[in-house]
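Enquirer: One structure follows; several queries about it will come next.
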Amino acid sequence: MRKKLFILLLAFSLIPLLVVSYISRQGILELGQTQSQMLRTGMIKILTAEMHQSAMDSAKLVMQQAVSLEFALKALGAEAEDVLNDPVNGIPKVFFAKDFNTNGEQPGDFGPSPQYYVVSEQGAKIPSSISLEEPVFYYPPKKSFLKKDPDLARLYLLKPELKSFFSEAGTALHRVYICLNSGLHMAYPGHGNYPENFEPRKRSWFTKAIKANTIVWDKFIDASTGQQVYTLSKPIKDRNGKILGVVAIDIQLVELLRKQDLKTQWSSDIQAFVVGPVAVDEETKLRIWAEAGHEQTNISWQTKLPNEIRYMQSDEQVKLEKMTEAITKGRSGVIRMPYNGINSVWAYAPFRGQSSYVLIVPEKVITEVPDMAAGQTLALSQNLYVAVGAAAFFTLITVSLVAFLGSRKVLSPLIQMTHAAEKISEGDLSVHVEVHTGDEREKLAEAFNSMIPKLQDHMRITKAMELAQEVHITLLPEAPPSIKGLDISGASISCDETGGDYFDYYNPPLHEGTGIILGDVTGHGVSAALLMTTGRAHLKHASGHKSSLASRIGEVNRLLCSDIGETGRFMTLFCMEISQDNKSATYVRAGHDPATIYNPATGQKRDLMGSPMLALGIFNESEYEEESVDLNEGEIIFIGTDGIWEARNHNDEMFGRDRLDELIFANADKDAAEIQQLIIAAVYKFQDGMEQEDDITLVIIKINSFNKG
C-alpha cells in the first residue's frame, strides 16, 4: 500500500509538473521565435537605413568633388584667358596629332597607360598611349596655317599649369583641353588617334558652352578612345568679354564611386552605379553611365561597344518604375527588388541635376547578421526546451527547483533583450542590456550592446547635419536685389558644413533705398549657425521699425544680450543703408572690420571706420552711432569677414588686405559677381590646398550711376 500510495502521490505530483513543464517549454520556444523575429526585423530596418545613408553620403562626396573640379576649371580658364591676351615672340616646338601617330616623332615619354584605352568591337580594352610631358595640338582639315598661329605659342605657355592640375586632380580626371574659335585645339595628356576629319568646334561640349556662356555639365563619348565621360566646359574670353573659345575637362566618375570604401563597409558583392533618366519609346528608363561591380572592377562608362546603351533592369517592373520616377524628381530612397534574379536592396541618392548614385547589395548581405542573431536565439530557445523537458524526469524537488529558478534565470535575459529590441525598433537608442550568464545569451547581449553606440553616433551625426543644412540654407538670400544704378553680389562659403557668417539685403523703413547687413558670429559650425539664426531673427524684426539705424542696432543688441549674454559668444555686424539716389550711405559698425570704398578713377580707397563700438551680445547698455558717407559714381564698396584676408598658405602667410585691394582695383571694370568670384578664386589659389580655417563671406556693391529724384 505504501508503494502504491507512493506511486499514486508521485503520479499526482508528476502530472501537474509535466503539464507545467510542457507549457513552459512551449512558452520558451514561442518567446524565442517572437524575439528573434523582432530582432531580425529591427536590425534589417536599421541596416537598410544605413545603406540609404551610405548612398546619400556617396552622392554628397561626388558633389563635393564635382564642385572642386568646377573651381579648378574656373582657375584654368582664368589662366587661359591671361595667356591668350598677352603678346608672344616666336613659335615653340610642339607635337601635333599626326606626330603622336608617327613612329619616331612622338615625345620621349610616349607609351601605353592602363588609365587610357580603346574599346575594341569585341568589347576588349586595349591600352592607349599618352604623354605626360607634352600636350597634343590639333587643327581641323584645311587649317594647316594654324601651325604658325601665335595662339599656339600662347596655349603652350599653359603646359606647366596643365601638368600640375593633372597630377593633383587624381585618377578621376581623364583629360583637359582647350579649343579656340579658330579651330586650334590643345589637349593634355598628349595622345593620338584623333578621328578622321575631327572638328572640335562641332562637338556639343563646345557648342553648348558657347551658347550657355557659363559652365556646362554633360555626358559625352571621348573622340580618341570611345570611352564615355562626364565633361565640364566653359567659355574663355578676352579682356573685352569676347568669347575666344572653350576650356573643358573630362571626368571618369567611376573613379569617384567609392568602390573600395563601400566594399569595406558592406561587402565585396556591392555594386555602385551612376544612372540618369532618358526617354526611350515614350517611356522613361534609367541609363547606366558608370558602374563599379564585383565581377568587373573599375569598368569605365561602358562594358562593351561604344554605341551600346545599357539600362537598369529588374524582374519587378512596377518597383523599378517607382524608383525611376523618384530619381527623375531628384529624390533619394531605398527599395527592395531583384537584381539579376537575386533579391537585393537598392539605395539611391541624387546629384548634379537628374543624375543619381545607386547602390545595390544582395539581401543576404543585409540579413546575414540578423539571421545569425535570430538563429542563435532560436538555438538557445531549443536548448532550453530540451533542458526543461529532461528536468521533469528527475526527483520532484529537483524538478520544482529547476522549473522555478531555472525558468526565471533563463527567461529574464531573453525578456530584457526583447524589450530592448522593441525600444530600438521604435527609435530609442538609449537602452543597454546587462546579461552575465557566461553562455551564448551573454555573447548575444554583448553584440547587441556594441551595436547601439554605433547607431547612436550615426543618428546623432545625421540629425546634426540635417539641422545644420537647414540653418545654412535659410540664413542666406537666394539672389541679390535688382536696384537701379547698383550692381550687388554676395556670397558665403563655410569652412564646415555650416557657418556663423551671415549677409542679407532689406528695404530701410525710414526712406527708399537699399540696406545691406553682414555679420560674423564667434566660432563656426552648427552652434554658430544656430546663434546666427537668432541674430537674424532679431535683425529681421528690427528692420521693420521706423527708427534710426543706430536705434535698431541697439535694440538688436539688447535682445541678443538677453539670449546669449551668459554664454560668452557675440556677433560682429556691419550694416549699411544706401540712399535712393545712390549718392550717400549711412552705416553702423558694431565690432566688425570696416567696409572699404574703392575709387578706380583716382586709385584711392576709403575705410569706413566710424566710431569704435562693441559687438552685439556683450553689454546690454551698449549704444551705437550711425555714420554718413558720400558716394561717387564708379566706386566699389567691399564688405567682408576676416576669413578672406586671414586665410593662410603652407608658409603660414596671410592673404592680407593689400592683395585684396590690388585684386579689386585690377578688376574694377568687371561686374560685382565677377569680382566676387575672382576674390574667392584668389583666396583658394593662395591657400594652395590648405584647409579653410574660417568662414568666407563678402558683399560687393558697384555704384554704376546716380538716380534722379
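Numbering starts fresh at 1 for the residues of each chain in the C-alpha cells, the chains themselves are lettered A, B, ... in the order given, and ligands are numbered from 1 as they appear.
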Which residues, written as a PyMOL selection string, have at least one atom at most 7 Å from stretch 127-135 of chain A, with only C-alpha atoms counted and residues fewer than 6 positions away on the same chain left out?
Expert: chain A and resi 107+109-114+116-118+186-191
Enquirer: Could those residues be written to a file, using N, CA, C and O atoms, as a PDB file, in the first residue's frame?
Expert:
```pdb
ATOM      1  N   PRO A 107      56.728  62.243 -78.445  1.00  0.00           N
ATOM      2  CA  PRO A 107      57.541  62.674 -77.300  1.00  0.00           C
ATOM      3  C   PRO A 107      58.267  61.476 -76.683  1.00  0.00           C
ATOM      4  O   PRO A 107      57.857  60.326 -76.844  1.00  0.00           O
ATOM      5  N   ASP A 109      58.453  60.329 -73.663  1.00  0.00           N
ATOM      6  CA  ASP A 109      57.770  59.505 -72.656  1.00  0.00           C
ATOM      7  C   ASP A 109      56.495  58.874 -73.192  1.00  0.00           C
ATOM      8  O   ASP A 109      55.710  58.307 -72.429  1.00  0.00           O
ATOM      9  N   PHE A 110      56.253  58.954 -74.476  1.00  0.00           N
ATOM     10  CA  PHE A 110      55.011  58.445 -75.066  1.00  0.00           C
ATOM     11  C   PHE A 110      54.945  56.917 -74.912  1.00  0.00           C
ATOM     12  O   PHE A 110      55.857  56.196 -75.336  1.00  0.00           O
ATOM     13  N   GLY A 111      53.896  56.408 -74.263  1.00  0.00           N
ATOM     14  CA  GLY A 111      53.768  54.974 -74.053  1.00  0.00           C
ATOM     15  C   GLY A 111      52.402  54.604 -73.515  1.00  0.00           C
ATOM     16  O   GLY A 111      51.600  55.464 -73.130  1.00  0.00           O
ATOM     17  N   PRO A 112      52.088  53.279 -73.464  1.00  0.00           N
ATOM     18  CA  PRO A 112      50.756  52.826 -73.012  1.00  0.00           C
ATOM     19  C   PRO A 112      50.483  53.204 -71.558  1.00  0.00           C
ATOM     20  O   PRO A 112      51.389  53.248 -70.724  1.00  0.00           O
ATOM     21  N   SER A 113      49.220  53.454 -71.261  1.00  0.00           N
ATOM     22  CA  SER A 113      48.780  53.768 -69.903  1.00  0.00           C
ATOM     23  C   SER A 113      47.524  52.960 -69.588  1.00  0.00           C
ATOM     24  O   SER A 113      46.592  52.944 -70.394  1.00  0.00           O
ATOM     25  N   PRO A 114      47.476  52.277 -68.425  1.00  0.00           N
ATOM     26  CA  PRO A 114      46.281  51.481 -68.095  1.00  0.00           C
ATOM     27  C   PRO A 114      45.049  52.329 -67.858  1.00  0.00           C
ATOM     28  O   PRO A 114      43.925  51.838 -67.904  1.00  0.00           O
ATOM     29  N   TYR A 116      44.084  54.786 -69.785  1.00  0.00           N
ATOM     30  CA  TYR A 116      43.527  55.169 -71.074  1.00  0.00           C
ATOM     31  C   TYR A 116      43.526  53.938 -71.985  1.00  0.00           C
ATOM     32  O   TYR A 116      44.534  53.229 -72.082  1.00  0.00           O
ATOM     33  N   TYR A 117      42.427  53.679 -72.633  1.00  0.00           N
ATOM     34  CA  TYR A 117      42.328  52.521 -73.500  1.00  0.00           C
ATOM     35  C   TYR A 117      41.268  52.761 -74.560  1.00  0.00           C
ATOM     36  O   TYR A 117      40.415  53.628 -74.427  1.00  0.00           O
ATOM     37  N   VAL A 118      41.367  51.959 -75.615  1.00  0.00           N
ATOM     38  CA  VAL A 118      40.381  51.975 -76.697  1.00  0.00           C
ATOM     39  C   VAL A 118      39.568  50.691 -76.604  1.00  0.00           C
ATOM     40  O   VAL A 118      40.129  49.611 -76.413  1.00  0.00           O
ATOM     41  N   MET A 186      44.113  72.122 -78.206  1.00  0.00           N
ATOM     42  CA  MET A 186      45.212  71.565 -77.411  1.00  0.00           C
ATOM     43  C   MET A 186      44.628  70.676 -76.317  1.00  0.00           C
ATOM     44  O   MET A 186      43.645  71.060 -75.664  1.00  0.00           O
ATOM     45  N   ALA A 187      45.222  69.474 -76.099  1.00  0.00           N
ATOM     46  CA  ALA A 187      44.723  68.548 -75.082  1.00  0.00           C
ATOM     47  C   ALA A 187      45.894  67.990 -74.283  1.00  0.00           C
ATOM     48  O   ALA A 187      47.013  67.848 -74.785  1.00  0.00           O
ATOM     49  N   TYR A 188      45.624  67.674 -73.028  1.00  0.00           N
ATOM     50  CA  TYR A 188      46.613  67.058 -72.141  1.00  0.00           C
ATOM     51  C   TYR A 188      45.909  65.981 -71.318  1.00  0.00           C
ATOM     52  O   TYR A 188      44.801  66.199 -70.857  1.00  0.00           O
ATOM     53  N   PRO A 189      46.566  64.800 -71.148  1.00  0.00           N
ATOM     54  CA  PRO A 189      47.875  64.375 -71.642  1.00  0.00           C
ATOM     55  C   PRO A 189      47.879  64.258 -73.169  1.00  0.00           C
ATOM     56  O   PRO A 189      46.845  64.048 -73.801  1.00  0.00           O
ATOM     57  N   GLY A 190      49.088  64.359 -73.749  1.00  0.00           N
ATOM     58  CA  GLY A 190      49.212  64.254 -75.183  1.00  0.00           C
ATOM     59  C   GLY A 190      48.843  62.868 -75.675  1.00  0.00           C
ATOM     60  O   GLY A 190      49.172  61.861 -75.046  1.00  0.00           O
ATOM     61  N   HIS A 191      48.150  62.782 -76.814  1.00  0.00           N
ATOM     62  CA  HIS A 191      47.702  61.500 -77.335  1.00  0.00           C
ATOM     63  C   HIS A 191      47.449  61.634 -78.840  1.00  0.00           C
ATOM     64  O   HIS A 191      47.379  62.737 -79.375  1.00  0.00           O
TER      65      HIS A 191
END
```
Enquirer: I'd like the neighbourhood of A:Thr522 as a list in words, where a residue qualifies if any of its atoms comes within 10 Å (using only C-alpha atoms), though same-chain residues fewer than 5 positions away should be ignored.
Expert: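 Near A:Thr522, the qualifying residues are Gly499, Gly500, Asp501, Ser527, Ala528, Leu531, Met532, Gly568, Arg569, Phe570, Met571 and Thr572 of chain A.
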Enquirer: Take the residues from that selection and write them out as a PDB file, in the first residue's frame, keeping N, CA, C and O atoms.
Expert:
```pdb
ATOM      1  N   GLY A 499      28.075  77.532 -41.287  1.00  0.00           N
ATOM      2  CA  GLY A 499      28.962  78.550 -40.741  1.00  0.00           C
ATOM      3  C   GLY A 499      28.223  79.562 -39.897  1.00  0.00           C
ATOM      4  O   GLY A 499      27.006  79.563 -39.782  1.00  0.00           O
ATOM      5  N   GLY A 500      29.017  80.484 -39.312  1.00  0.00           N
ATOM      6  CA  GLY A 500      28.470  81.524 -38.468  1.00  0.00           C
ATOM      7  C   GLY A 500      28.405  82.869 -39.151  1.00  0.00           C
ATOM      8  O   GLY A 500      28.065  83.859 -38.516  1.00  0.00           O
ATOM      9  N   ASP A 501      28.793  82.952 -40.420  1.00  0.00           N
ATOM     10  CA  ASP A 501      28.695  84.214 -41.157  1.00  0.00           C
ATOM     11  C   ASP A 501      27.276  84.387 -41.716  1.00  0.00           C
ATOM     12  O   ASP A 501      26.563  83.408 -41.936  1.00  0.00           O
ATOM     13  N   SER A 527      26.764  75.148 -34.014  1.00  0.00           N
ATOM     14  CA  SER A 527      26.402  76.059 -32.932  1.00  0.00           C
ATOM     15  C   SER A 527      26.400  77.508 -33.398  1.00  0.00           C
ATOM     16  O   SER A 527      25.516  78.289 -33.044  1.00  0.00           O
ATOM     17  N   ALA A 528      27.400  77.885 -34.203  1.00  0.00           N
ATOM     18  CA  ALA A 528      27.442  79.251 -34.720  1.00  0.00           C
ATOM     19  C   ALA A 528      26.261  79.531 -35.643  1.00  0.00           C
ATOM     20  O   ALA A 528      25.692  80.614 -35.647  1.00  0.00           O
ATOM     21  N   LEU A 531      23.204  80.182 -33.543  1.00  0.00           N
ATOM     22  CA  LEU A 531      23.238  81.506 -32.939  1.00  0.00           C
ATOM     23  C   LEU A 531      22.971  82.581 -33.999  1.00  0.00           C
ATOM     24  O   LEU A 531      22.269  83.556 -33.748  1.00  0.00           O
ATOM     25  N   MET A 532      23.508  82.388 -35.201  1.00  0.00           N
ATOM     26  CA  MET A 532      23.253  83.344 -36.271  1.00  0.00           C
ATOM     27  C   MET A 532      21.764  83.384 -36.628  1.00  0.00           C
ATOM     28  O   MET A 532      21.222  84.431 -36.995  1.00  0.00           O
ATOM     29  N   GLY A 568      29.169  83.948 -23.377  1.00  0.00           N
ATOM     30  CA  GLY A 568      30.485  84.382 -23.826  1.00  0.00           C
ATOM     31  C   GLY A 568      30.583  84.545 -25.323  1.00  0.00           C
ATOM     32  O   GLY A 568      31.628  84.936 -25.839  1.00  0.00           O
ATOM     33  N   ARG A 569      29.525  84.252 -26.058  1.00  0.00           N
ATOM     34  CA  ARG A 569      29.535  84.423 -27.514  1.00  0.00           C
ATOM     35  C   ARG A 569      29.022  85.823 -27.876  1.00  0.00           C
ATOM     36  O   ARG A 569      28.321  86.469 -27.095  1.00  0.00           O
ATOM     37  N   PHE A 570      29.396  86.268 -29.050  1.00  0.00           N
ATOM     38  CA  PHE A 570      28.931  87.574 -29.509  1.00  0.00           C
ATOM     39  C   PHE A 570      28.885  87.578 -31.026  1.00  0.00           C
ATOM     40  O   PHE A 570      29.326  86.619 -31.682  1.00  0.00           O
ATOM     41  N   MET A 571      28.413  88.682 -31.587  1.00  0.00           N
ATOM     42  CA  MET A 571      28.205  88.784 -33.035  1.00  0.00           C
ATOM     43  C   MET A 571      28.673  90.167 -33.499  1.00  0.00           C
ATOM     44  O   MET A 571      28.217  91.180 -32.990  1.00  0.00           O
ATOM     45  N   THR A 572      29.630  90.189 -34.434  1.00  0.00           N
ATOM     46  CA  THR A 572      30.022  91.456 -35.042  1.00  0.00           C
ATOM     47  C   THR A 572      29.109  91.750 -36.227  1.00  0.00           C
ATOM     48  O   THR A 572      28.583  90.831 -36.857  1.00  0.00           O
TER      49      THR A 572
END
```
Enquirer: Please determine, counting only C-alpha atoms, which residue among A:Ala75, A:Leu180, A:Leu698, A:Val431 has the shortest atom-to-atom distance to A:Glu199.
Expert: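 Ranking A:Ala75, A:Leu180, A:Leu698, A:Val431 by distance to A:Glu199, first place goes to A:Leu180.
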Enquirer: Which residue, A:Asn383, A:Ser492, A:Gln65, A:Asn620, has the smallest gap to A:Asp439 when you use only C-alpha atoms?
Expert: A:Asn383
Enquirer: Tell me, as JSON, numbers by chain, which residues lie within 6 Å of A:Phe96, counting only C-alpha atoms; anything in the same chain fewer than 5 positions away does not count.
Expert: {"A": [136, 137, 138]}
Enquirer: Neighbours of stretch 334-346 of chain A within 9 Å (only C-alpha atoms; same-chain residues fewer than 3 positions away dropped), as a PyMOL selection string?
Expert: chain A and resi 48-49+51-52+312-316+319-320+323+349+358-366
Enquirer: Based on DSSP run over this structure's backbone, return all residues of stretch 427-597 of chain A in helix (DSSP H, G or I), as a PyMOL selection string.
Expert: chain A and resi 440-475+526-542+549-564
